[in-house]
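Colleague: File follows, query_10.txt with compact mmCIF, N, CA and C atoms:
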```
# COMPACT_ATOMS: atom_id res chain seq x y z
N MET A 1 11.52 21.28 0.11
CA MET A 1 12.20 20.98 -1.12
C MET A 1 13.70 20.87 -0.84
N ALA A 2 14.33 19.94 -1.51
CA ALA A 2 15.76 19.70 -1.32
C ALA A 2 16.57 20.84 -1.91
N SER A 3 17.73 21.09 -1.32
CA SER A 3 18.63 22.11 -1.86
C SER A 3 19.90 21.42 -2.33
N VAL A 4 20.45 21.92 -3.42
CA VAL A 4 21.64 21.35 -4.04
C VAL A 4 22.82 22.26 -3.73
N VAL A 5 23.92 21.66 -3.28
CA VAL A 5 25.14 22.41 -2.96
C VAL A 5 26.22 22.03 -3.96
N ARG A 6 26.95 23.02 -4.44
CA ARG A 6 28.03 22.76 -5.40
C ARG A 6 29.16 21.97 -4.75
N THR A 7 29.76 21.10 -5.54
CA THR A 7 30.95 20.38 -5.06
C THR A 7 32.22 21.00 -5.63
N THR A 8 32.09 21.69 -6.78
CA THR A 8 33.25 22.33 -7.41
C THR A 8 32.85 23.74 -7.85
N VAL A 9 33.72 24.71 -7.60
CA VAL A 9 33.50 26.08 -8.08
C VAL A 9 34.45 26.30 -9.24
N PHE A 10 33.90 26.58 -10.41
CA PHE A 10 34.71 26.79 -11.60
C PHE A 10 35.01 28.27 -11.76
N ALA A 11 36.19 28.57 -12.26
CA ALA A 11 36.60 29.97 -12.51
C ALA A 11 37.07 30.08 -13.96
N ASP A 12 37.12 31.31 -14.45
CA ASP A 12 37.59 31.54 -15.81
C ASP A 12 38.98 30.93 -15.97
N GLY A 13 39.18 30.27 -17.09
CA GLY A 13 40.49 29.70 -17.39
C GLY A 13 40.67 28.28 -16.88
N ASN A 14 39.73 27.77 -16.05
CA ASN A 14 39.85 26.39 -15.58
C ASN A 14 39.59 25.41 -16.72
N VAL A 15 40.24 24.27 -16.64
CA VAL A 15 39.96 23.17 -17.56
C VAL A 15 38.93 22.28 -16.88
N LEU A 16 37.79 22.17 -17.53
CA LEU A 16 36.70 21.36 -16.96
C LEU A 16 36.92 19.91 -17.35
N THR A 17 36.92 19.05 -16.38
CA THR A 17 37.10 17.63 -16.67
C THR A 17 35.75 16.92 -16.62
N ALA A 18 35.69 15.79 -17.29
CA ALA A 18 34.47 15.00 -17.28
C ALA A 18 34.16 14.54 -15.85
N ALA A 19 35.18 14.21 -15.09
CA ALA A 19 34.96 13.76 -13.71
C ALA A 19 34.32 14.86 -12.87
N GLN A 20 34.79 16.11 -13.05
CA GLN A 20 34.20 17.21 -12.29
C GLN A 20 32.75 17.46 -12.69
N LEU A 21 32.51 17.49 -14.00
CA LEU A 21 31.14 17.72 -14.47
C LEU A 21 30.20 16.59 -14.07
N ASN A 22 30.69 15.35 -14.19
CA ASN A 22 29.87 14.21 -13.77
C ASN A 22 29.61 14.25 -12.27
N GLY A 23 30.62 14.69 -11.51
CA GLY A 23 30.43 14.80 -10.07
C GLY A 23 29.37 15.83 -9.72
N GLU A 24 29.39 16.97 -10.40
CA GLU A 24 28.37 18.01 -10.17
C GLU A 24 26.98 17.49 -10.55
N PHE A 25 26.91 16.84 -11.69
CA PHE A 25 25.62 16.32 -12.15
C PHE A 25 25.09 15.26 -11.19
N ASN A 26 25.95 14.32 -10.77
CA ASN A 26 25.52 13.29 -9.82
C ASN A 26 25.09 13.89 -8.49
N ASN A 27 25.81 14.92 -8.04
CA ASN A 27 25.46 15.60 -6.80
C ASN A 27 24.07 16.23 -6.90
N ALA A 28 23.79 16.86 -8.04
CA ALA A 28 22.48 17.48 -8.24
C ALA A 28 21.37 16.43 -8.23
N LEU A 29 21.59 15.32 -8.92
CA LEU A 29 20.58 14.27 -8.96
C LEU A 29 20.37 13.62 -7.59
N ASN A 30 21.45 13.36 -6.89
CA ASN A 30 21.35 12.71 -5.58
C ASN A 30 20.74 13.62 -4.52
N SER A 31 20.85 14.94 -4.71
CA SER A 31 20.32 15.88 -3.74
C SER A 31 18.82 16.06 -3.85
N LEU A 32 18.25 15.67 -4.99
CA LEU A 32 16.81 15.82 -5.20
C LEU A 32 16.08 14.65 -4.57
N ASN A 33 15.62 14.84 -3.38
CA ASN A 33 14.87 13.82 -2.66
C ASN A 33 13.41 14.25 -2.67
N ILE A 34 12.72 13.92 -3.75
CA ILE A 34 11.34 14.38 -3.94
C ILE A 34 10.40 13.52 -3.10
N VAL A 35 9.52 14.18 -2.38
CA VAL A 35 8.50 13.50 -1.58
C VAL A 35 7.12 13.92 -2.09
N ASN A 36 6.07 13.23 -1.65
CA ASN A 36 4.72 13.50 -2.12
C ASN A 36 4.34 14.97 -1.99
N ALA A 37 4.77 15.63 -0.92
CA ALA A 37 4.41 17.03 -0.70
C ALA A 37 4.99 17.95 -1.79
N ASP A 38 6.03 17.49 -2.50
CA ASP A 38 6.63 18.29 -3.56
C ASP A 38 5.86 18.21 -4.88
N ILE A 39 4.89 17.30 -4.97
CA ILE A 39 4.18 17.06 -6.22
C ILE A 39 2.77 17.63 -6.11
N SER A 40 2.41 18.43 -7.07
CA SER A 40 1.07 19.03 -7.10
C SER A 40 0.02 17.96 -7.37
N GLY A 41 -1.14 18.10 -6.75
CA GLY A 41 -2.24 17.16 -6.99
C GLY A 41 -2.72 17.20 -8.42
N SER A 42 -2.49 18.29 -9.12
CA SER A 42 -2.92 18.41 -10.51
C SER A 42 -1.81 18.05 -11.50
N ALA A 43 -0.76 17.41 -11.03
CA ALA A 43 0.38 17.10 -11.88
C ALA A 43 0.03 16.09 -12.97
N ALA A 44 -1.01 15.29 -12.78
CA ALA A 44 -1.45 14.29 -13.77
C ALA A 44 -0.30 13.38 -14.20
N ILE A 45 0.36 12.78 -13.23
CA ILE A 45 1.47 11.88 -13.52
C ILE A 45 0.91 10.56 -14.02
N ALA A 46 1.43 10.09 -15.15
CA ALA A 46 0.98 8.83 -15.74
C ALA A 46 1.41 7.67 -14.86
N ILE A 47 0.54 6.68 -14.73
CA ILE A 47 0.85 5.49 -13.92
C ILE A 47 2.14 4.84 -14.41
N SER A 48 2.40 4.88 -15.71
CA SER A 48 3.61 4.24 -16.26
C SER A 48 4.89 4.90 -15.75
N LYS A 49 4.81 6.11 -15.19
CA LYS A 49 5.98 6.82 -14.70
C LYS A 49 6.28 6.53 -13.24
N ILE A 50 5.43 5.76 -12.58
CA ILE A 50 5.59 5.47 -11.16
C ILE A 50 6.20 4.09 -11.01
N ALA A 51 7.33 4.02 -10.32
CA ALA A 51 8.00 2.74 -10.10
C ALA A 51 7.34 2.04 -8.94
N THR A 52 6.49 1.06 -9.24
CA THR A 52 5.75 0.37 -8.18
C THR A 52 6.11 -1.09 -8.06
N GLY A 53 6.78 -1.62 -9.06
CA GLY A 53 7.06 -3.05 -9.05
C GLY A 53 5.86 -3.87 -9.46
N ILE A 54 4.81 -3.21 -9.94
CA ILE A 54 3.60 -3.91 -10.36
C ILE A 54 3.71 -4.21 -11.84
N SER A 55 3.42 -5.44 -12.21
CA SER A 55 3.40 -5.77 -13.63
C SER A 55 1.95 -5.82 -14.08
N GLY A 56 1.71 -5.47 -15.31
CA GLY A 56 0.35 -5.49 -15.84
C GLY A 56 -0.39 -4.21 -15.51
N SER A 57 -1.71 -4.27 -15.63
CA SER A 57 -2.55 -3.09 -15.41
C SER A 57 -2.76 -2.84 -13.92
N VAL A 58 -3.04 -1.60 -13.60
CA VAL A 58 -3.34 -1.20 -12.23
C VAL A 58 -4.85 -1.19 -12.07
N VAL A 59 -5.35 -1.73 -10.97
CA VAL A 59 -6.78 -1.77 -10.71
C VAL A 59 -7.21 -0.42 -10.16
N GLY A 60 -8.23 0.16 -10.78
CA GLY A 60 -8.76 1.44 -10.34
C GLY A 60 -9.67 1.29 -9.14
N THR A 61 -10.04 2.41 -8.56
CA THR A 61 -10.91 2.38 -7.38
C THR A 61 -12.31 2.88 -7.67
N THR A 62 -12.55 3.45 -8.84
CA THR A 62 -13.87 4.01 -9.11
C THR A 62 -14.53 3.41 -10.33
N ASP A 63 -13.81 2.71 -11.18
CA ASP A 63 -14.41 2.16 -12.39
C ASP A 63 -14.60 0.65 -12.26
N ALA A 64 -15.49 0.11 -13.08
CA ALA A 64 -15.74 -1.34 -13.09
C ALA A 64 -14.66 -2.02 -13.92
N GLN A 65 -14.02 -3.04 -13.36
CA GLN A 65 -12.99 -3.78 -14.07
C GLN A 65 -13.16 -5.27 -13.80
N THR A 66 -12.79 -6.08 -14.77
CA THR A 66 -12.77 -7.52 -14.60
C THR A 66 -11.35 -7.93 -14.26
N ILE A 67 -11.19 -8.61 -13.14
CA ILE A 67 -9.87 -9.02 -12.69
C ILE A 67 -9.78 -10.53 -12.81
N THR A 68 -8.74 -11.02 -13.48
CA THR A 68 -8.56 -12.45 -13.65
C THR A 68 -7.21 -12.88 -13.08
N SER A 69 -7.08 -14.15 -12.80
CA SER A 69 -5.84 -14.76 -12.31
C SER A 69 -5.38 -14.15 -10.99
N LYS A 70 -6.31 -13.81 -10.13
CA LYS A 70 -5.97 -13.25 -8.82
C LYS A 70 -6.63 -14.10 -7.74
N ARG A 71 -6.02 -14.14 -6.58
CA ARG A 71 -6.55 -14.89 -5.45
C ARG A 71 -6.86 -13.91 -4.32
N ILE A 72 -8.05 -14.04 -3.76
CA ILE A 72 -8.44 -13.21 -2.63
C ILE A 72 -8.33 -14.07 -1.37
N THR A 73 -7.48 -13.67 -0.47
CA THR A 73 -7.29 -14.40 0.77
C THR A 73 -8.33 -13.94 1.78
N ARG A 74 -9.15 -14.87 2.24
CA ARG A 74 -10.20 -14.52 3.20
C ARG A 74 -9.58 -14.24 4.56
N ARG A 75 -10.16 -13.27 5.24
CA ARG A 75 -9.72 -12.90 6.58
C ARG A 75 -10.58 -13.66 7.59
N VAL A 76 -10.01 -14.73 8.11
CA VAL A 76 -10.75 -15.58 9.03
C VAL A 76 -10.23 -15.37 10.45
N TYR A 77 -11.15 -15.12 11.36
CA TYR A 77 -10.82 -14.90 12.76
C TYR A 77 -11.08 -16.19 13.53
N THR A 78 -10.10 -16.65 14.28
CA THR A 78 -10.29 -17.82 15.14
C THR A 78 -10.65 -17.31 16.53
N GLN A 79 -11.90 -17.52 16.89
CA GLN A 79 -12.41 -17.03 18.17
C GLN A 79 -12.19 -18.07 19.26
N ALA A 80 -11.87 -17.59 20.45
CA ALA A 80 -11.62 -18.49 21.58
C ALA A 80 -12.87 -19.28 21.93
N ASP A 81 -12.66 -20.45 22.51
CA ASP A 81 -13.75 -21.31 22.97
C ASP A 81 -14.66 -20.50 23.90
N GLY A 82 -15.95 -20.59 23.68
CA GLY A 82 -16.89 -19.84 24.52
C GLY A 82 -18.33 -20.18 24.18
N THR A 83 -19.23 -19.44 24.74
CA THR A 83 -20.66 -19.70 24.52
C THR A 83 -21.28 -18.73 23.53
N THR A 84 -20.48 -17.79 23.00
CA THR A 84 -21.00 -16.86 21.99
C THR A 84 -20.02 -16.74 20.83
N ILE A 85 -20.58 -16.40 19.69
CA ILE A 85 -19.78 -16.12 18.50
C ILE A 85 -20.10 -14.70 18.05
N ASP A 86 -19.06 -13.88 17.91
CA ASP A 86 -19.23 -12.50 17.45
C ASP A 86 -18.46 -12.33 16.14
N VAL A 87 -19.10 -11.69 15.17
CA VAL A 87 -18.48 -11.47 13.88
C VAL A 87 -18.45 -9.97 13.59
N ASN A 88 -17.25 -9.42 13.36
CA ASN A 88 -17.12 -8.04 12.90
C ASN A 88 -16.77 -8.13 11.42
N SER A 89 -17.77 -7.90 10.57
CA SER A 89 -17.57 -8.10 9.14
C SER A 89 -16.69 -7.03 8.50
N ASP A 90 -16.38 -5.96 9.22
CA ASP A 90 -15.43 -4.98 8.70
C ASP A 90 -14.00 -5.51 8.81
N LEU A 91 -13.76 -6.37 9.80
CA LEU A 91 -12.42 -6.88 10.03
C LEU A 91 -12.18 -8.27 9.46
N TYR A 92 -13.25 -9.09 9.38
CA TYR A 92 -13.08 -10.49 8.99
C TYR A 92 -14.16 -10.91 8.01
N ASP A 93 -13.84 -11.93 7.20
CA ASP A 93 -14.80 -12.50 6.26
C ASP A 93 -15.47 -13.73 6.86
N GLY A 94 -14.92 -14.28 7.92
CA GLY A 94 -15.48 -15.46 8.56
C GLY A 94 -14.89 -15.65 9.94
N VAL A 95 -15.57 -16.49 10.72
CA VAL A 95 -15.12 -16.76 12.09
C VAL A 95 -15.06 -18.28 12.28
N LEU A 96 -14.00 -18.74 12.90
CA LEU A 96 -13.86 -20.15 13.23
C LEU A 96 -13.81 -20.26 14.75
N GLN A 97 -14.67 -21.12 15.30
CA GLN A 97 -14.67 -21.34 16.74
C GLN A 97 -14.86 -22.82 17.00
N VAL A 98 -13.94 -23.40 17.76
CA VAL A 98 -14.06 -24.80 18.17
C VAL A 98 -14.51 -24.80 19.61
N ASN A 99 -15.69 -25.39 19.86
CA ASN A 99 -16.25 -25.40 21.21
C ASN A 99 -16.03 -26.76 21.86
N THR A 100 -15.65 -26.72 23.12
CA THR A 100 -15.42 -27.96 23.86
C THR A 100 -16.38 -28.13 25.04
N GLN A 101 -17.39 -27.23 25.14
CA GLN A 101 -18.36 -27.38 26.22
C GLN A 101 -19.19 -28.64 26.00
N GLY A 102 -19.56 -29.28 27.10
CA GLY A 102 -20.36 -30.49 27.00
C GLY A 102 -21.77 -30.21 26.49
N SER A 103 -22.44 -29.26 27.08
CA SER A 103 -23.79 -28.91 26.64
C SER A 103 -24.07 -27.48 27.07
N GLY A 104 -25.11 -26.91 26.53
CA GLY A 104 -25.46 -25.54 26.86
C GLY A 104 -25.93 -24.80 25.63
N THR A 105 -26.02 -23.51 25.77
CA THR A 105 -26.52 -22.67 24.68
C THR A 105 -25.36 -21.97 24.00
N LEU A 106 -25.34 -22.03 22.68
CA LEU A 106 -24.36 -21.31 21.89
C LEU A 106 -25.09 -20.15 21.22
N THR A 107 -24.68 -18.93 21.52
CA THR A 107 -25.31 -17.74 20.96
C THR A 107 -24.45 -17.19 19.83
N ILE A 108 -25.06 -17.03 18.65
CA ILE A 108 -24.37 -16.43 17.51
C ILE A 108 -24.98 -15.05 17.33
N ASN A 109 -24.21 -14.03 17.68
CA ASN A 109 -24.70 -12.66 17.61
C ASN A 109 -24.75 -12.16 16.17
N ASN A 110 -25.61 -11.17 15.92
CA ASN A 110 -25.67 -10.56 14.60
C ASN A 110 -24.32 -9.93 14.28
N PRO A 111 -23.90 -10.02 13.02
CA PRO A 111 -22.62 -9.42 12.64
C PRO A 111 -22.64 -7.90 12.83
N THR A 112 -21.53 -7.36 13.24
CA THR A 112 -21.37 -5.91 13.28
C THR A 112 -20.58 -5.48 12.06
N GLY A 113 -20.62 -4.21 11.74
CA GLY A 113 -19.95 -3.70 10.55
C GLY A 113 -20.86 -3.77 9.34
N ILE A 114 -20.30 -3.53 8.19
CA ILE A 114 -21.06 -3.53 6.94
C ILE A 114 -20.99 -4.93 6.35
N LEU A 115 -22.13 -5.57 6.27
CA LEU A 115 -22.20 -6.95 5.78
C LEU A 115 -22.48 -6.94 4.29
N LEU A 116 -21.60 -7.57 3.51
CA LEU A 116 -21.78 -7.67 2.07
C LEU A 116 -22.30 -9.05 1.73
N THR A 117 -23.01 -9.16 0.63
CA THR A 117 -23.56 -10.44 0.18
C THR A 117 -22.44 -11.46 -0.01
N ASN A 118 -22.62 -12.66 0.49
CA ASN A 118 -21.67 -13.77 0.39
C ASN A 118 -20.33 -13.48 1.06
N LYS A 119 -20.31 -12.60 2.02
CA LYS A 119 -19.05 -12.28 2.67
C LYS A 119 -18.77 -13.21 3.86
N VAL A 120 -19.77 -13.51 4.68
CA VAL A 120 -19.53 -14.34 5.85
C VAL A 120 -20.10 -15.71 5.62
```
Have the structure of the file written as structure tokens, please.

Modeller:
Amino acid sequence: MASVVRTTVFADGNVLTAAQLNGEFNNALNSLNIVNADISGSAAIAISKIATGISGSVVGTTDAQTITSKRITRRVYTQADGTTIDVNSDLYDGVLQVNTQGSGTLTINNPTGILLTNKV
């Protein structure tokens, strides 16, 4: 947790100026460098209080939601010229391979990873 250090020590009889008070207040605010470890997991902070730069609603991870006006960029792997095609469906949604061999056998191996319907 951050610690705040005084910039001005006031004594009895001093005249407090707005500049001094504002300086103390700004020092206190600037000294508070809150990080995730400072926030309790049960704090129940509202999404609206988090500065994320996101406009509109936030997509949840556990509930069903309909998402519109969004584009999903497919992860396509360009595989080097060869006699086999390997697909890791955890890393890519598709594989592109341009073969220049004259003739021979092209082996397409079973995908590795978790294969989802209509993914590859």

Colleague: Using only C-alpha atoms for the distances, tell me which of A:Val76, A:Val95, A:Ala44, A:Val5 is nearest to Glu24 of chain A.

Modeller: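 Closest candidate: A:Val5.
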
Colleague: Could you pull out the helix (DSSP H, G or I) residues of chain A, going by DSSP on the backbone, and write them as a PyMOL selection string?

Modeller: chain A and resi 18-31+36-38+47-49

Colleague: Could you state the separation of atom C of Val98 of chain A and atom CA of Arg74 of chain A in Å, given to one decimal place?

Modeller: 19.8 Å

Colleague: For Gly104 of chain A, work out the shell of residues within 8 Å, counting all atoms listed in the file and skipping chain neighbours fewer than 3 positions away, then give it as a PyMOL selection string.

Modeller: chain A and resi 83+101+107

Colleague: To one decimal place, how far is atom N of Leu91 of chain A from atom N of Thr78 of chain A in Å?

Modeller: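 Atom N of Thr78 of chain A lies 11.8 Å from atom N of Leu91 of chain A.
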
Colleague: With DSSP run on the backbone, what are the strand (DSSP E) residues within segment 15-117 of chain A? I'd like them as number ranges by chain.

Modeller: A: 76-79, 84-85, 94-97, 107-108

Colleague: Set the distance at 12 Å and use only C-alpha atoms: which residues neighbour Gly94 of chain A once local chain neighbours fewer than 6 positions away are removed? I'd like the list as a list in words.

Modeller: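 Final neighbour list, sorted by chain and number: Thr73, Arg74, Arg75, Val76, Tyr77, Thr78, Gln79, Ile85, Asp86, Val87, Asn88, Pro111, Leu115, Leu116, Asn118, Lys119 and Val120 of chain A.
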
Colleague: Enclose the full set of atoms of segment 68-72 of chain A listed in the file within a box whose edges lie along x, y and z, apply 6 Å of padding to each of the six sides, and report centre and edge lengths in Å to one decimal as JSON.

Modeller:
```
{"center_x": -7.1, "center_y": -13.0, "center_z": -7.5, "size_x": 15.4, "size_y": 15.9, "size_z": 24.3}
```

Colleague: Find the distance between atom CA of Ser31 of chain A and atom CA of Asp12 of chain A and write it in Å to one decimal.

Modeller: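 Separation between atom CA of Ser31 of chain A and atom CA of Asp12 of chain A: 26.3 Å.
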
Colleague: With distances taken over all atoms listed in the file, which residue among A:Thr68, A:Thr84, A:Ser48, A:Gln20 lies nearest Asn109 of chain A?

Modeller: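 When distances to Asn109 of chain A are compared using all atoms listed in the file, the smallest one comes from A:Thr84.
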
Colleague: Output as a PDB file, keeping the file's coordinate frame: segment 21-32 of chain A, completed with all heavy atoms.

Modeller:
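What landed in part33.pdb:
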```
ATOM      1  N   LEU A  21      32.510  17.490 -14.000  1.00  0.00           N
ATOM      2  CA  LEU A  21      31.140  17.720 -14.470  1.00  0.00           C
ATOM      3  C   LEU A  21      30.200  16.590 -14.070  1.00  0.00           C
ATOM      4  O   LEU A  21      29.074  16.820 -13.653  1.00  0.00           O
ATOM      5  CB  LEU A  21      31.141  17.923 -15.989  1.00  0.00           C
ATOM      6  CG  LEU A  21      31.836  19.197 -16.474  1.00  0.00           C
ATOM      7  CD1 LEU A  21      31.910  19.227 -17.999  1.00  0.00           C
ATOM      8  CD2 LEU A  21      31.119  20.433 -15.959  1.00  0.00           C
ATOM      9  N   ASN A  22      30.690  15.350 -14.190  1.00  0.00           N
ATOM     10  CA  ASN A  22      29.870  14.210 -13.770  1.00  0.00           C
ATOM     11  C   ASN A  22      29.610  14.250 -12.270  1.00  0.00           C
ATOM     12  O   ASN A  22      28.520  13.930 -11.804  1.00  0.00           O
ATOM     13  CB  ASN A  22      30.550  12.886 -14.139  1.00  0.00           C
ATOM     14  CG  ASN A  22      30.452  12.607 -15.614  1.00  0.00           C
ATOM     15  OD1 ASN A  22      29.547  13.076 -16.295  1.00  0.00           O
ATOM     16  ND2 ASN A  22      31.395  11.833 -16.121  1.00  0.00           N
ATOM     17  N   GLY A  23      30.620  14.690 -11.510  1.00  0.00           N
ATOM     18  CA  GLY A  23      30.430  14.800 -10.070  1.00  0.00           C
ATOM     19  C   GLY A  23      29.370  15.830  -9.720  1.00  0.00           C
ATOM     20  O   GLY A  23      28.530  15.608  -8.842  1.00  0.00           O
ATOM     21  N   GLU A  24      29.390  16.970 -10.400  1.00  0.00           N
ATOM     22  CA  GLU A  24      28.370  18.010 -10.170  1.00  0.00           C
ATOM     23  C   GLU A  24      26.980  17.490 -10.550  1.00  0.00           C
ATOM     24  O   GLU A  24      26.007  17.689  -9.830  1.00  0.00           O
ATOM     25  CB  GLU A  24      28.681  19.265 -10.977  1.00  0.00           C
ATOM     26  CG  GLU A  24      29.798  20.099 -10.422  1.00  0.00           C
ATOM     27  CD  GLU A  24      29.459  20.712  -9.079  1.00  0.00           C
ATOM     28  OE1 GLU A  24      28.292  21.066  -8.826  1.00  0.00           O
ATOM     29  OE2 GLU A  24      30.382  20.832  -8.260  1.00  0.00           O
ATOM     30  N   PHE A  25      26.910  16.840 -11.690  1.00  0.00           N
ATOM     31  CA  PHE A  25      25.620  16.320 -12.150  1.00  0.00           C
ATOM     32  C   PHE A  25      25.090  15.260 -11.190  1.00  0.00           C
ATOM     33  O   PHE A  25      23.912  15.295 -10.799  1.00  0.00           O
ATOM     34  CB  PHE A  25      25.792  15.739 -13.567  1.00  0.00           C
ATOM     35  CG  PHE A  25      24.505  15.290 -14.181  1.00  0.00           C
ATOM     36  CD1 PHE A  25      23.563  16.214 -14.609  1.00  0.00           C
ATOM     37  CD2 PHE A  25      24.224  13.948 -14.324  1.00  0.00           C
ATOM     38  CE1 PHE A  25      22.365  15.806 -15.180  1.00  0.00           C
ATOM     39  CE2 PHE A  25      23.034  13.529 -14.887  1.00  0.00           C
ATOM     40  CZ  PHE A  25      22.102  14.465 -15.319  1.00  0.00           C
ATOM     41  N   ASN A  26      25.950  14.320 -10.770  1.00  0.00           N
ATOM     42  CA  ASN A  26      25.520  13.290  -9.820  1.00  0.00           C
ATOM     43  C   ASN A  26      25.090  13.890  -8.490  1.00  0.00           C
ATOM     44  O   ASN A  26      24.125  13.453  -7.872  1.00  0.00           O
ATOM     45  CB  ASN A  26      26.629  12.263  -9.602  1.00  0.00           C
ATOM     46  CG  ASN A  26      26.841  11.392 -10.818  1.00  0.00           C
ATOM     47  OD1 ASN A  26      25.960  11.248 -11.655  1.00  0.00           O
ATOM     48  ND2 ASN A  26      28.028  10.827 -10.929  1.00  0.00           N
ATOM     49  N   ASN A  27      25.810  14.920  -8.040  1.00  0.00           N
ATOM     50  CA  ASN A  27      25.460  15.600  -6.800  1.00  0.00           C
ATOM     51  C   ASN A  27      24.070  16.230  -6.900  1.00  0.00           C
ATOM     52  O   ASN A  27      23.256  16.149  -5.978  1.00  0.00           O
ATOM     53  CB  ASN A  27      26.508  16.661  -6.457  1.00  0.00           C
ATOM     54  CG  ASN A  27      26.204  17.367  -5.162  1.00  0.00           C
ATOM     55  OD1 ASN A  27      26.003  16.728  -4.138  1.00  0.00           O
ATOM     56  ND2 ASN A  27      26.163  18.685  -5.198  1.00  0.00           N
ATOM     57  N   ALA A  28      23.790  16.860  -8.040  1.00  0.00           N
ATOM     58  CA  ALA A  28      22.480  17.480  -8.240  1.00  0.00           C
ATOM     59  C   ALA A  28      21.370  16.430  -8.230  1.00  0.00           C
ATOM     60  O   ALA A  28      20.326  16.604  -7.588  1.00  0.00           O
ATOM     61  CB  ALA A  28      22.459  18.264  -9.549  1.00  0.00           C
ATOM     62  N   LEU A  29      21.590  15.320  -8.920  1.00  0.00           N
ATOM     63  CA  LEU A  29      20.580  14.270  -8.960  1.00  0.00           C
ATOM     64  C   LEU A  29      20.370  13.620  -7.590  1.00  0.00           C
ATOM     65  O   LEU A  29      19.238  13.376  -7.179  1.00  0.00           O
ATOM     66  CB  LEU A  29      20.970  13.182  -9.978  1.00  0.00           C
ATOM     67  CG  LEU A  29      20.882  13.575 -11.444  1.00  0.00           C
ATOM     68  CD1 LEU A  29      21.361  12.436 -12.322  1.00  0.00           C
ATOM     69  CD2 LEU A  29      19.465  13.971 -11.819  1.00  0.00           C
ATOM     70  N   ASN A  30      21.450  13.360  -6.890  1.00  0.00           N
ATOM     71  CA  ASN A  30      21.350  12.710  -5.580  1.00  0.00           C
ATOM     72  C   ASN A  30      20.740  13.620  -4.520  1.00  0.00           C
ATOM     73  O   ASN A  30      20.201  13.161  -3.524  1.00  0.00           O
ATOM     74  CB  ASN A  30      22.718  12.215  -5.118  1.00  0.00           C
ATOM     75  CG  ASN A  30      23.230  11.082  -5.975  1.00  0.00           C
ATOM     76  OD1 ASN A  30      22.460  10.344  -6.582  1.00  0.00           O
ATOM     77  ND2 ASN A  30      24.539  10.941  -6.058  1.00  0.00           N
ATOM     78  N   SER A  31      20.850  14.940  -4.710  1.00  0.00           N
ATOM     79  CA  SER A  31      20.320  15.880  -3.740  1.00  0.00           C
ATOM     80  C   SER A  31      18.820  16.060  -3.850  1.00  0.00           C
ATOM     81  O   SER A  31      18.166  16.548  -2.940  1.00  0.00           O
ATOM     82  CB  SER A  31      20.993  17.250  -3.889  1.00  0.00           C
ATOM     83  OG  SER A  31      22.363  17.137  -3.599  1.00  0.00           O
ATOM     84  N   LEU A  32      18.250  15.670  -4.990  1.00  0.00           N
ATOM     85  CA  LEU A  32      16.810  15.820  -5.200  1.00  0.00           C
ATOM     86  C   LEU A  32      16.080  14.650  -4.570  1.00  0.00           C
ATOM     87  O   LEU A  32      15.963  13.580  -5.150  1.00  0.00           O
ATOM     88  CB  LEU A  32      16.489  15.911  -6.689  1.00  0.00           C
ATOM     89  CG  LEU A  32      17.054  17.133  -7.396  1.00  0.00           C
ATOM     90  CD1 LEU A  32      16.758  17.053  -8.890  1.00  0.00           C
ATOM     91  CD2 LEU A  32      16.492  18.410  -6.808  1.00  0.00           C
TER      92      LEU A  32
END
```
